file run-v5.cif (mmCIF, N, CA and C atoms)
data_query
loop_
_atom_site.label_atom_id
_atom_site.label_comp_id
_atom_site.auth_asym_id
_atom_site.auth_seq_id
_atom_site.Cartn_x
_atom_site.Cartn_y
_atom_site.Cartn_z
N GLU A 1 77.93 69.41 21.31
CA GLU A 1 78.74 68.28 20.93
C GLU A 1 77.86 67.04 20.81
N PRO A 2 78.21 66.15 19.89
CA PRO A 2 77.47 64.89 19.81
C PRO A 2 77.69 64.04 21.06
N ILE A 3 76.75 63.22 21.39
CA ILE A 3 76.79 62.40 22.61
C ILE A 3 78.01 61.46 22.63
N HIS A 4 78.45 60.96 21.48
CA HIS A 4 79.61 60.06 21.46
C HIS A 4 80.89 60.76 21.91
N ARG A 5 80.91 62.06 21.87
CA ARG A 5 82.08 62.83 22.30
C ARG A 5 82.38 62.62 23.79
N LEU A 6 81.38 62.23 24.55
CA LEU A 6 81.56 61.99 25.99
C LEU A 6 82.58 60.90 26.28
N GLN A 7 82.82 60.02 25.31
CA GLN A 7 83.78 58.93 25.50
C GLN A 7 85.23 59.41 25.46
N SER A 8 85.47 60.63 24.97
CA SER A 8 86.85 61.09 24.79
C SER A 8 87.20 62.33 25.62
N VAL A 9 86.38 62.67 26.60
CA VAL A 9 86.65 63.87 27.41
C VAL A 9 87.19 63.48 28.78
N ASP A 10 87.89 64.41 29.39
CA ASP A 10 88.43 64.18 30.73
C ASP A 10 87.42 64.53 31.82
N PHE A 11 86.57 65.51 31.55
CA PHE A 11 85.57 65.95 32.52
C PHE A 11 84.26 66.23 31.81
N ILE A 12 83.18 65.99 32.51
CA ILE A 12 81.85 66.37 32.04
C ILE A 12 81.34 67.39 33.04
N VAL A 13 81.29 68.64 32.63
CA VAL A 13 80.84 69.71 33.51
C VAL A 13 79.39 70.02 33.16
N VAL A 14 78.53 69.98 34.17
CA VAL A 14 77.11 70.22 33.95
C VAL A 14 76.68 71.48 34.70
N ASN A 15 75.84 72.24 34.05
CA ASN A 15 75.29 73.45 34.65
C ASN A 15 74.04 73.05 35.43
N GLY A 16 74.21 72.88 36.73
CA GLY A 16 73.11 72.41 37.56
C GLY A 16 73.52 71.16 38.31
N ALA A 17 72.54 70.41 38.72
CA ALA A 17 72.80 69.21 39.53
C ALA A 17 73.34 68.06 38.70
N LYS A 18 74.25 67.31 39.31
CA LYS A 18 74.81 66.12 38.67
C LYS A 18 73.75 65.04 38.58
N THR A 19 73.82 64.27 37.49
CA THR A 19 72.95 63.10 37.37
C THR A 19 73.77 61.82 37.30
N GLU A 20 75.06 61.96 37.05
CA GLU A 20 75.98 60.82 36.96
C GLU A 20 77.17 61.07 37.88
N ALA A 21 77.77 60.01 38.37
CA ALA A 21 78.89 60.11 39.31
C ALA A 21 80.11 60.79 38.70
N ASN A 22 80.31 60.65 37.38
CA ASN A 22 81.51 61.20 36.74
C ASN A 22 81.34 62.65 36.29
N GLU A 23 80.28 63.29 36.68
CA GLU A 23 80.05 64.68 36.29
C GLU A 23 80.57 65.65 37.34
N VAL A 24 80.91 66.84 36.88
CA VAL A 24 81.33 67.93 37.75
C VAL A 24 80.22 68.98 37.71
N GLU A 25 79.74 69.34 38.86
CA GLU A 25 78.65 70.31 38.95
C GLU A 25 79.20 71.73 38.95
N MET A 26 78.48 72.62 38.29
CA MET A 26 78.80 74.05 38.35
C MET A 26 77.50 74.82 38.40
N HIS A 27 77.60 76.06 38.79
CA HIS A 27 76.45 76.95 38.74
C HIS A 27 76.93 78.31 38.26
N ILE A 28 75.99 79.11 37.83
CA ILE A 28 76.35 80.44 37.34
C ILE A 28 75.92 81.49 38.35
N THR A 29 76.65 82.57 38.34
CA THR A 29 76.32 83.69 39.20
C THR A 29 76.56 84.98 38.44
N GLY A 30 75.85 86.00 38.81
CA GLY A 30 76.00 87.31 38.20
C GLY A 30 75.10 88.28 38.94
N ASP A 31 75.61 89.49 39.19
CA ASP A 31 74.82 90.46 39.92
C ASP A 31 74.99 91.88 39.39
N THR A 32 75.52 91.98 38.17
CA THR A 32 75.81 93.28 37.57
C THR A 32 75.24 93.33 36.16
N ALA A 33 74.86 94.52 35.72
CA ALA A 33 74.44 94.74 34.34
C ALA A 33 75.38 95.76 33.71
N VAL A 34 75.65 95.58 32.42
CA VAL A 34 76.53 96.48 31.68
C VAL A 34 75.75 97.03 30.50
N ASN A 35 75.76 98.35 30.35
CA ASN A 35 75.04 98.98 29.27
C ASN A 35 75.75 98.73 27.94
N LEU A 36 75.01 98.30 26.93
CA LEU A 36 75.60 97.98 25.63
C LEU A 36 76.15 99.19 24.91
N VAL A 37 75.63 100.38 25.18
CA VAL A 37 76.06 101.59 24.47
C VAL A 37 77.15 102.33 25.24
N THR A 38 76.92 102.54 26.54
CA THR A 38 77.83 103.38 27.32
C THR A 38 78.90 102.61 28.09
N GLY A 39 78.67 101.32 28.33
CA GLY A 39 79.59 100.54 29.15
C GLY A 39 79.38 100.74 30.63
N GLU A 40 78.42 101.60 30.99
CA GLU A 40 78.11 101.81 32.42
C GLU A 40 77.75 100.47 33.07
N GLN A 41 78.18 100.31 34.31
CA GLN A 41 77.85 99.11 35.07
C GLN A 41 77.00 99.52 36.27
N LYS A 42 76.01 98.68 36.56
CA LYS A 42 75.27 98.90 37.79
C LYS A 42 74.76 97.57 38.31
N PRO A 43 74.51 97.50 39.62
CA PRO A 43 74.05 96.23 40.18
C PRO A 43 72.66 95.87 39.66
N LEU A 44 72.42 94.57 39.52
CA LEU A 44 71.09 94.14 39.08
C LEU A 44 70.00 94.65 40.02
N SER A 45 70.34 94.78 41.28
CA SER A 45 69.35 95.26 42.25
C SER A 45 68.80 96.63 41.89
N ALA A 46 69.54 97.40 41.09
CA ALA A 46 69.08 98.73 40.67
C ALA A 46 67.86 98.64 39.75
N PHE A 47 67.64 97.47 39.17
CA PHE A 47 66.50 97.27 38.27
C PHE A 47 65.26 96.77 39.01
N ALA A 48 65.38 96.52 40.30
CA ALA A 48 64.28 95.92 41.08
C ALA A 48 63.05 96.83 41.13
N THR A 49 63.24 98.12 40.96
CA THR A 49 62.09 99.04 41.03
C THR A 49 61.47 99.32 39.67
N GLU A 50 62.02 98.74 38.61
CA GLU A 50 61.47 98.94 37.27
C GLU A 50 60.11 98.25 37.15
N ASN A 51 59.13 98.98 36.68
CA ASN A 51 57.78 98.42 36.53
C ASN A 51 57.59 97.63 35.25
N ASN A 52 58.41 97.89 34.25
CA ASN A 52 58.19 97.28 32.94
C ASN A 52 59.49 96.70 32.38
N LEU A 53 60.24 96.02 33.21
CA LEU A 53 61.53 95.45 32.83
C LEU A 53 61.32 94.25 31.90
N HIS A 54 62.19 94.13 30.90
CA HIS A 54 62.15 93.00 29.97
C HIS A 54 63.48 92.25 30.05
N ALA A 55 63.42 90.94 29.83
CA ALA A 55 64.63 90.12 29.79
C ALA A 55 64.51 89.20 28.58
N LEU A 56 65.60 89.05 27.85
CA LEU A 56 65.57 88.16 26.70
C LEU A 56 66.78 87.26 26.69
N ALA A 57 66.57 86.07 26.12
CA ALA A 57 67.65 85.10 26.04
C ALA A 57 67.45 84.21 24.83
N GLY A 58 68.50 84.11 24.01
CA GLY A 58 68.52 83.21 22.87
C GLY A 58 69.61 82.18 23.10
N ILE A 59 69.44 81.41 24.16
CA ILE A 59 70.42 80.40 24.55
C ILE A 59 69.72 79.05 24.69
N GLY A 60 70.50 78.01 24.90
CA GLY A 60 69.95 76.65 24.98
C GLY A 60 68.91 76.47 26.07
N ASN A 61 69.10 77.11 27.22
CA ASN A 61 68.15 77.01 28.31
C ASN A 61 67.90 78.40 28.88
N PRO A 62 67.00 79.16 28.25
CA PRO A 62 66.75 80.53 28.70
C PRO A 62 66.31 80.63 30.16
N GLU A 63 65.66 79.58 30.68
CA GLU A 63 65.17 79.64 32.06
C GLU A 63 66.31 79.83 33.06
N ARG A 64 67.49 79.33 32.75
CA ARG A 64 68.62 79.52 33.67
C ARG A 64 68.94 81.01 33.83
N PHE A 65 68.92 81.72 32.72
CA PHE A 65 69.16 83.16 32.77
C PHE A 65 68.04 83.86 33.53
N PHE A 66 66.81 83.51 33.21
CA PHE A 66 65.68 84.13 33.88
C PHE A 66 65.68 83.81 35.38
N ASN A 67 66.08 82.60 35.74
CA ASN A 67 66.17 82.23 37.16
C ASN A 67 67.23 83.05 37.88
N LEU A 68 68.34 83.33 37.20
CA LEU A 68 69.39 84.17 37.78
C LEU A 68 68.84 85.56 38.09
N LEU A 69 68.08 86.12 37.15
CA LEU A 69 67.49 87.45 37.36
C LEU A 69 66.49 87.42 38.51
N THR A 70 65.67 86.40 38.55
CA THR A 70 64.68 86.27 39.62
C THR A 70 65.39 86.13 40.97
N ALA A 71 66.48 85.37 41.01
CA ALA A 71 67.24 85.20 42.25
C ALA A 71 67.84 86.52 42.72
N ASN A 72 68.01 87.46 41.81
CA ASN A 72 68.51 88.79 42.15
C ASN A 72 67.38 89.76 42.50
N GLY A 73 66.17 89.22 42.64
CA GLY A 73 65.04 90.04 43.08
C GLY A 73 64.32 90.81 41.99
N LEU A 74 64.52 90.43 40.73
CA LEU A 74 63.91 91.17 39.63
C LEU A 74 62.59 90.55 39.18
N THR A 75 61.68 91.41 38.77
CA THR A 75 60.42 91.00 38.15
C THR A 75 60.46 91.56 36.74
N PHE A 76 60.13 90.72 35.74
CA PHE A 76 60.31 91.13 34.35
C PHE A 76 59.41 90.31 33.44
N THR A 77 59.29 90.78 32.21
CA THR A 77 58.64 90.02 31.16
C THR A 77 59.73 89.28 30.41
N ALA A 78 59.61 87.95 30.37
CA ALA A 78 60.64 87.11 29.73
C ALA A 78 60.34 86.92 28.25
N HIS A 79 61.39 86.96 27.43
CA HIS A 79 61.28 86.73 26.00
C HIS A 79 62.33 85.69 25.62
N SER A 80 61.87 84.48 25.30
CA SER A 80 62.79 83.40 24.90
C SER A 80 62.91 83.35 23.39
N PHE A 81 64.13 83.14 22.93
CA PHE A 81 64.42 82.98 21.51
C PHE A 81 65.20 81.68 21.34
N PRO A 82 65.20 81.11 20.14
CA PRO A 82 65.97 79.88 19.91
C PRO A 82 67.47 80.11 20.14
N ASP A 83 68.18 79.05 20.49
CA ASP A 83 69.62 79.12 20.65
C ASP A 83 70.25 79.62 19.35
N HIS A 84 71.24 80.49 19.47
CA HIS A 84 71.97 81.06 18.32
C HIS A 84 71.09 81.95 17.45
N TYR A 85 70.04 82.49 17.99
CA TYR A 85 69.11 83.34 17.24
C TYR A 85 69.83 84.57 16.69
N ALA A 86 69.51 84.94 15.45
CA ALA A 86 70.07 86.15 14.83
C ALA A 86 69.10 87.30 15.10
N PHE A 87 69.37 88.08 16.12
CA PHE A 87 68.47 89.15 16.53
C PHE A 87 68.38 90.26 15.50
N LEU A 88 67.20 90.83 15.42
CA LEU A 88 66.94 92.02 14.63
C LEU A 88 66.58 93.14 15.61
N ALA A 89 66.73 94.37 15.18
CA ALA A 89 66.44 95.51 16.06
C ALA A 89 65.03 95.42 16.64
N ARG A 90 64.08 95.01 15.84
CA ARG A 90 62.69 94.96 16.32
C ARG A 90 62.48 93.93 17.42
N ASP A 91 63.37 92.94 17.52
CA ASP A 91 63.25 91.91 18.56
C ASP A 91 63.53 92.46 19.95
N ILE A 92 64.30 93.55 20.03
CA ILE A 92 64.71 94.05 21.34
C ILE A 92 64.17 95.45 21.61
N GLU A 93 63.25 95.92 20.79
CA GLU A 93 62.68 97.26 20.96
C GLU A 93 61.54 97.23 21.98
N PHE A 94 61.81 97.78 23.13
CA PHE A 94 60.82 97.93 24.18
C PHE A 94 60.97 99.32 24.76
N LYS A 95 59.93 99.86 25.30
CA LYS A 95 59.99 101.20 25.89
C LYS A 95 60.35 101.11 27.37
N ALA A 96 61.27 100.24 27.68
CA ALA A 96 61.72 100.00 29.05
C ALA A 96 63.09 99.33 28.98
N PRO A 97 63.78 99.26 30.12
CA PRO A 97 65.07 98.58 30.12
C PRO A 97 64.95 97.11 29.71
N VAL A 98 65.99 96.63 29.03
CA VAL A 98 66.04 95.25 28.55
C VAL A 98 67.35 94.63 29.04
N LEU A 99 67.24 93.50 29.73
CA LEU A 99 68.41 92.74 30.17
C LEU A 99 68.56 91.53 29.26
N MET A 100 69.79 91.21 28.89
CA MET A 100 70.04 90.06 28.02
C MET A 100 71.33 89.38 28.43
N THR A 101 71.55 88.20 27.87
CA THR A 101 72.80 87.48 28.14
C THR A 101 73.94 88.17 27.39
N GLU A 102 75.13 87.94 27.85
CA GLU A 102 76.31 88.49 27.17
C GLU A 102 76.43 87.91 25.77
N LYS A 103 76.10 86.65 25.62
CA LYS A 103 76.13 85.98 24.31
C LYS A 103 75.19 86.68 23.32
N ASP A 104 74.01 87.05 23.79
CA ASP A 104 73.05 87.72 22.92
C ASP A 104 73.44 89.18 22.66
N ALA A 105 74.05 89.80 23.63
CA ALA A 105 74.45 91.20 23.49
C ALA A 105 75.41 91.40 22.32
N VAL A 106 76.30 90.44 22.11
CA VAL A 106 77.26 90.52 21.00
C VAL A 106 76.53 90.69 19.67
N LYS A 107 75.38 90.04 19.55
CA LYS A 107 74.61 90.09 18.31
C LYS A 107 73.76 91.35 18.19
N CYS A 108 73.66 92.12 19.26
CA CYS A 108 72.75 93.28 19.29
C CYS A 108 73.47 94.62 19.38
N THR A 109 74.78 94.63 19.50
CA THR A 109 75.49 95.88 19.77
C THR A 109 75.30 96.94 18.69
N HIS A 110 75.21 96.55 17.44
CA HIS A 110 75.13 97.55 16.38
C HIS A 110 73.76 98.23 16.28
N PHE A 111 72.73 97.74 16.96
CA PHE A 111 71.44 98.44 16.97
C PHE A 111 70.89 98.65 18.38
N ALA A 112 71.72 98.46 19.36
CA ALA A 112 71.30 98.66 20.75
C ALA A 112 71.17 100.14 21.07
N THR A 113 70.36 100.43 22.07
CA THR A 113 70.22 101.78 22.60
C THR A 113 70.62 101.77 24.08
N GLN A 114 70.53 102.92 24.72
CA GLN A 114 70.94 103.00 26.12
C GLN A 114 70.03 102.23 27.07
N GLN A 115 68.91 101.74 26.59
CA GLN A 115 68.03 100.94 27.46
C GLN A 115 68.42 99.46 27.46
N HIS A 116 69.45 99.09 26.70
CA HIS A 116 69.86 97.68 26.58
C HIS A 116 71.08 97.39 27.45
N TRP A 117 70.95 96.32 28.24
CA TRP A 117 71.97 95.92 29.20
C TRP A 117 72.25 94.43 29.07
N PHE A 118 73.49 94.02 29.30
CA PHE A 118 73.77 92.59 29.36
C PHE A 118 74.26 92.24 30.76
N VAL A 119 74.10 90.98 31.10
CA VAL A 119 74.46 90.50 32.44
C VAL A 119 75.62 89.50 32.29
N PRO A 120 76.84 89.93 32.62
CA PRO A 120 77.95 88.97 32.57
C PRO A 120 77.79 87.94 33.69
N ILE A 121 78.10 86.72 33.38
CA ILE A 121 77.99 85.67 34.39
C ILE A 121 79.35 85.02 34.63
N THR A 122 79.46 84.40 35.76
CA THR A 122 80.65 83.65 36.12
C THR A 122 80.23 82.22 36.40
N ALA A 123 80.94 81.27 35.82
CA ALA A 123 80.68 79.86 36.09
C ALA A 123 81.54 79.44 37.28
N ILE A 124 80.92 78.83 38.26
CA ILE A 124 81.62 78.40 39.46
C ILE A 124 81.50 76.88 39.58
N PRO A 125 82.62 76.17 39.32
CA PRO A 125 82.57 74.70 39.44
C PRO A 125 82.66 74.28 40.91
N GLU A 126 82.29 73.04 41.18
CA GLU A 126 82.40 72.54 42.55
C GLU A 126 83.86 72.61 42.99
N THR A 127 84.07 72.69 44.27
CA THR A 127 85.39 73.01 44.82
C THR A 127 86.53 72.10 44.39
N GLN A 128 86.32 70.82 44.35
CA GLN A 128 87.44 69.91 44.03
C GLN A 128 87.81 69.91 42.55
N PHE A 129 87.03 70.54 41.70
CA PHE A 129 87.31 70.52 40.27
C PHE A 129 88.66 71.18 39.95
N THR A 130 88.95 72.31 40.54
CA THR A 130 90.21 73.01 40.25
C THR A 130 91.40 72.11 40.52
N GLU A 131 91.38 71.44 41.66
CA GLU A 131 92.48 70.53 42.01
C GLU A 131 92.56 69.37 41.02
N GLN A 132 91.43 68.80 40.64
CA GLN A 132 91.41 67.69 39.68
C GLN A 132 91.96 68.14 38.32
N LEU A 133 91.58 69.32 37.89
CA LEU A 133 92.05 69.84 36.60
C LEU A 133 93.56 70.09 36.62
N LEU A 134 94.05 70.71 37.68
CA LEU A 134 95.49 70.97 37.78
C LEU A 134 96.29 69.67 37.82
N THR A 135 95.80 68.68 38.53
CA THR A 135 96.46 67.38 38.59
C THR A 135 96.52 66.75 37.20
N LEU A 136 95.42 66.80 36.47
CA LEU A 136 95.39 66.25 35.13
C LEU A 136 96.36 66.99 34.20
N LEU A 137 96.39 68.29 34.26
CA LEU A 137 97.30 69.07 33.41
C LEU A 137 98.75 68.78 33.73
N GLU A 138 99.07 68.65 35.03
CA GLU A 138 100.44 68.33 35.41
C GLU A 138 100.83 66.95 34.87
N LYS A 139 99.93 66.01 34.94
CA LYS A 139 100.20 64.65 34.47
C LYS A 139 100.39 64.64 32.95
N LYS A 140 99.55 65.33 32.23
CA LYS A 140 99.60 65.32 30.76
C LYS A 140 100.74 66.15 30.19
N TYR A 141 101.09 67.23 30.88
CA TYR A 141 102.03 68.17 30.28
C TYR A 141 103.32 68.36 31.08
N ALA A 142 103.58 67.49 32.03
CA ALA A 142 104.83 67.57 32.79
C ALA A 142 106.00 67.28 31.86
N ARG A 143 107.04 68.00 32.00
CA ARG A 143 108.20 67.82 31.12
C ARG A 143 109.21 66.90 31.72
#

call {"tool": "encode", "arguments": {"input": "run-v5.cif", "output": "structure tokens"}}
result
Amino acid sequence: EPIHRLQSVDFIVVNGAKTEANEVEMHITGDTAVNLVTGEQKPLSAFATENNLHALAGIGNPERFFNLLTANGLTFTAHSFPDHYAFLARDIEFKAPVLMTEKDAVKCTHFATQQHWFVPITAIPETQFTEQLLTLLEKKYAR
């Protein structure tokens, strides 16, 4: 969104630490991988013993995804791509398991193999945000 859009929003939710008083902090969490071909799910910790694990991200801040994997105890070769990157099969061809964001997985499903996995994440806002949001919705949409 353009920066001027900030003048017309009810909340500014930031992924990471707040820098302004009017911001709502959130963080992401995820500890499971889903196979793009089979739908099998397994904990990220199952990849901790992989010697040649790869991770790729074509998002605005790939380091956030890589940090999530590292926080789950994984060691991997990171591959950053531009945000909204149009993946080709050759971009994800490795002779080892590949972890990617769910956003990137959508673009790779038609040429993925069983070595390709995505990591679904959950955004967790600071505790008071839910109450603030519900109060705002009640105020705006009360009949």

call {"tool": "residues_near_point", "arguments": {"input": "run-v5.cif", "point": "(61.1, 83.8, 24.0)", "cutoff": "8 Å", "atoms": "all atoms listed in the file", "output": "ChimeraX atom specification"}}
result
/A:55-58,78-82

call {"tool": "write_last_selection", "arguments": {"input": "run-v5.cif", "atoms": "N, CA and C atoms", "output": "mmCIF file, in the coordinates of the input"}}
result
data_model
loop_
_atom_site.group_PDB
_atom_site.id
_atom_site.type_symbol
_atom_site.label_atom_id
_atom_site.label_comp_id
_atom_site.auth_asym_id
_atom_site.auth_seq_id
_atom_site.Cartn_x
_atom_site.Cartn_y
_atom_site.Cartn_z
ATOM 1 N N ALA A 55 63.420 90.940 29.830
ATOM 2 C CA ALA A 55 64.630 90.120 29.790
ATOM 3 C C ALA A 55 64.510 89.200 28.580
ATOM 4 N N LEU A 56 65.600 89.050 27.850
ATOM 5 C CA LEU A 56 65.570 88.160 26.700
ATOM 6 C C LEU A 56 66.780 87.260 26.690
ATOM 7 N N ALA A 57 66.570 86.070 26.120
ATOM 8 C CA ALA A 57 67.650 85.100 26.040
ATOM 9 C C ALA A 57 67.450 84.210 24.830
ATOM 10 N N GLY A 58 68.500 84.110 24.010
ATOM 11 C CA GLY A 58 68.520 83.210 22.870
ATOM 12 C C GLY A 58 69.610 82.180 23.100
ATOM 13 N N ALA A 78 59.610 87.950 30.370
ATOM 14 C CA ALA A 78 60.640 87.110 29.730
ATOM 15 C C ALA A 78 60.340 86.920 28.250
ATOM 16 N N HIS A 79 61.390 86.960 27.430
ATOM 17 C CA HIS A 79 61.280 86.730 26.000
ATOM 18 C C HIS A 79 62.330 85.690 25.620
ATOM 19 N N SER A 80 61.870 84.480 25.300
ATOM 20 C CA SER A 80 62.790 83.400 24.900
ATOM 21 C C SER A 80 62.910 83.350 23.390
ATOM 22 N N PHE A 81 64.130 83.140 22.930
ATOM 23 C CA PHE A 81 64.420 82.980 21.510
ATOM 24 C C PHE A 81 65.200 81.680 21.340
ATOM 25 N N PRO A 82 65.200 81.110 20.140
ATOM 26 C CA PRO A 82 65.970 79.880 19.910
ATOM 27 C C PRO A 82 67.470 80.110 20.140
#

call {"tool": "resolve_selection", "arguments": {"input": "run-v5.cif", "expression": "the PyMOL selection byres ((chain A and resi 17-25) around 8)", "output": "PDB file with N, CA and C atoms, keeping the file's coordinate frame"}}
result
ATOM      1  N   ASP A  10      87.890  64.410  29.390  1.00  0.00           N
ATOM      2  CA  ASP A  10      88.430  64.180  30.730  1.00  0.00           C
ATOM      3  C   ASP A  10      87.420  64.530  31.820  1.00  0.00           C
ATOM      4  N   PHE A  11      86.570  65.510  31.550  1.00  0.00           N
ATOM      5  CA  PHE A  11      85.570  65.950  32.520  1.00  0.00           C
ATOM      6  C   PHE A  11      84.260  66.230  31.810  1.00  0.00           C
ATOM      7  N   ILE A  12      83.180  65.990  32.510  1.00  0.00           N
ATOM      8  CA  ILE A  12      81.850  66.370  32.040  1.00  0.00           C
ATOM      9  C   ILE A  12      81.340  67.390  33.040  1.00  0.00           C
ATOM     10  N   VAL A  13      81.290  68.640  32.630  1.00  0.00           N
ATOM     11  CA  VAL A  13      80.840  69.710  33.510  1.00  0.00           C
ATOM     12  C   VAL A  13      79.390  70.020  33.160  1.00  0.00           C
ATOM     13  N   VAL A  14      78.530  69.980  34.170  1.00  0.00           N
ATOM     14  CA  VAL A  14      77.110  70.220  33.950  1.00  0.00           C
ATOM     15  C   VAL A  14      76.680  71.480  34.700  1.00  0.00           C
ATOM     16  N   ASN A  15      75.840  72.240  34.050  1.00  0.00           N
ATOM     17  CA  ASN A  15      75.290  73.450  34.650  1.00  0.00           C
ATOM     18  C   ASN A  15      74.040  73.050  35.430  1.00  0.00           C
ATOM     19  N   GLY A  16      74.210  72.880  36.730  1.00  0.00           N
ATOM     20  CA  GLY A  16      73.110  72.410  37.560  1.00  0.00           C
ATOM     21  C   GLY A  16      73.520  71.160  38.310  1.00  0.00           C
ATOM     22  N   MET A  26      78.480  72.620  38.290  1.00  0.00           N
ATOM     23  CA  MET A  26      78.800  74.050  38.350  1.00  0.00           C
ATOM     24  C   MET A  26      77.500  74.820  38.400  1.00  0.00           C
ATOM     25  N   HIS A  27      77.600  76.060  38.790  1.00  0.00           N
ATOM     26  CA  HIS A  27      76.450  76.950  38.740  1.00  0.00           C
ATOM     27  C   HIS A  27      76.930  78.310  38.260  1.00  0.00           C
ATOM     28  N   ILE A 124      80.920  78.830  38.260  1.00  0.00           N
ATOM     29  CA  ILE A 124      81.620  78.400  39.460  1.00  0.00           C
ATOM     30  C   ILE A 124      81.500  76.880  39.580  1.00  0.00           C
ATOM     31  N   PRO A 125      82.620  76.170  39.320  1.00  0.00           N
ATOM     32  CA  PRO A 125      82.570  74.700  39.440  1.00  0.00           C
ATOM     33  C   PRO A 125      82.660  74.280  40.910  1.00  0.00           C
ATOM     34  N   GLU A 126      82.290  73.040  41.180  1.00  0.00           N
ATOM     35  CA  GLU A 126      82.400  72.540  42.550  1.00  0.00           C
ATOM     36  C   GLU A 126      83.860  72.610  42.990  1.00  0.00           C
ATOM     37  N   THR A 127      84.070  72.690  44.270  1.00  0.00           N
ATOM     38  CA  THR A 127      85.390  73.010  44.820  1.00  0.00           C
ATOM     39  C   THR A 127      86.530  72.100  44.390  1.00  0.00           C
ATOM     40  N   PHE A 129      87.030  70.540  41.700  1.00  0.00           N
ATOM     41  CA  PHE A 129      87.310  70.520  40.270  1.00  0.00           C
ATOM     42  C   PHE A 129      88.660  71.180  39.950  1.00  0.00           C
TER      43      PHE A 129
END

call {"tool": "closest_residue", "arguments": {"input": "run-v5.cif", "among": "A:Ile59, A:Leu69, A:Leu133, A:Ala112", "to": "Ala46 in chain A", "atoms": "only C-alpha atoms"}}
result
A:Leu69

call {"tool": "closest_residue", "arguments": {"input": "run-v5.cif", "among": "A:Leu6, A:Ala48, A:Val119, A:Leu134", "to": "Lys103 in chain A", "atoms": "only N, CA and C atoms"}}
result
A:Val119

call {"tool": "closest_residue", "arguments": {"input": "run-v5.cif", "among": "A:Thr109, A:Pro120, A:Asp83, A:Pro2", "to": "Thr32 in chain A", "atoms": "all atoms listed in the file"}}
result
A:Pro120

call {"tool": "select_by_dssp", "arguments": {"input": "run-v5.cif", "residues": "range 16-126 of chain A", "states": "helix (DSSP H, G or I)", "output": "PyMOL selection string"}}
result
chain A and resi 44-47+62-71+89-92+102-111

call {"tool": "select_by_dssp", "arguments": {"input": "run-v5.cif", "residues": "range 10-140 of chain A", "states": "strand (DSSP E)", "output": "ChimeraX atom specification"}}
result
/A:12-15,23-29,32-35,41-43,54-57,77-80,98-101,116-119,122-125

call {"tool": "atom_distance", "arguments": {"input": "run-v5.cif", "atom1": "CA of His110 in chain A", "atom2": "atom C of Lys42 in chain A"}}
result
21.9 Å

call {"tool": "residues_near_point", "arguments": {"input": "run-v5.cif", "point": "(75.4, 84.3, 32.9)", "cutoff": "8 Å", "atoms": "all atoms listed in the file", "output": "VMD selection string"}}
result
chain A and resid 28 to 30 64 to 65 68 100 to 103 119 to 123

call {"tool": "residues_around", "arguments": {"input": "run-v5.cif", "residues": "Thr38 in chain A", "least_positions_apart": "2", "cutoff": "8 Å", "atoms": "all atoms listed in the file", "output": "number ranges by chain"}}
result
A: 34-36, 40-41, 113-114, 116

call {"tool": "write_last_selection", "arguments": {"input": "run-v5.cif", "atoms": "N, CA and C atoms", "output": "short mmCIF file (atom, residue, chain, number, x, y, z; two decimals), in the coordinates of the input"}}
result
data_model
loop_
_atom_site.label_atom_id
_atom_site.label_comp_id
_atom_site.auth_asym_id
_atom_site.auth_seq_id
_atom_site.Cartn_x
_atom_site.Cartn_y
_atom_site.Cartn_z
N VAL A 34 75.65 95.58 32.42
CA VAL A 34 76.53 96.48 31.68
C VAL A 34 75.75 97.03 30.50
N ASN A 35 75.76 98.35 30.35
CA ASN A 35 75.04 98.98 29.27
C ASN A 35 75.75 98.73 27.94
N LEU A 36 75.01 98.30 26.93
CA LEU A 36 75.60 97.98 25.63
C LEU A 36 76.15 99.19 24.91
N GLU A 40 78.42 101.60 30.99
CA GLU A 40 78.11 101.81 32.42
C GLU A 40 77.75 100.47 33.07
N GLN A 41 78.18 100.31 34.31
CA GLN A 41 77.85 99.11 35.07
C GLN A 41 77.00 99.52 36.27
N THR A 113 70.36 100.43 22.07
CA THR A 113 70.22 101.78 22.60
C THR A 113 70.62 101.77 24.08
N GLN A 114 70.53 102.92 24.72
CA GLN A 114 70.94 103.00 26.12
C GLN A 114 70.03 102.23 27.07
N HIS A 116 69.45 99.09 26.70
CA HIS A 116 69.86 97.68 26.58
C HIS A 116 71.08 97.39 27.45
#

call {"tool": "closest_residue", "arguments": {"input": "run-v5.cif", "among": "A:Lys95, A:Lys140, A:Arg5, A:Lys107", "to": "His54 in chain A", "atoms": "only C-alpha atoms"}}
result
A:Lys95

call {"tool": "atom_distance", "arguments": {"input": "run-v5.cif", "atom1": "CA of Phe76 in chain A", "atom2": "CA of Phe111 in chain A"}}
result
21.9 Å

call {"tool": "resolve_selection", "arguments": {"input": "run-v5.cif", "expression": "the PyMOL selection byres ((chain A and resi 72) around 8)", "output": "VMD selection string"}}
result
chain A and resid 30 to 31 44 to 45 48 66 to 71 73 to 75

call {"tool": "atom_distance", "arguments": {"input": "run-v5.cif", "atom1": "CA of Tyr85 in chain A", "atom2": "CA of Glu50 in chain A"}}
result
26.5 Å

call {"tool": "axis_aligned_box", "arguments": {"input": "run-v5.cif", "around": "range 107-120 of chain A", "padding_each_side": "5 Å", "output": "lines of an AutoDock Vina configuration file"}}
result
center_x = 73.0
center_y = 95.5
center_z = 25.0
size_x = 19.9
size_y = 25.1
size_z = 27.4

call {"tool": "closest_residue", "arguments": {"input": "run-v5.cif", "among": "A:Glu138, A:Asn52, A:Val98, A:Ala105", "to": "Ala86 in chain A", "atoms": "only C-alpha atoms"}}
result
A:Ala105
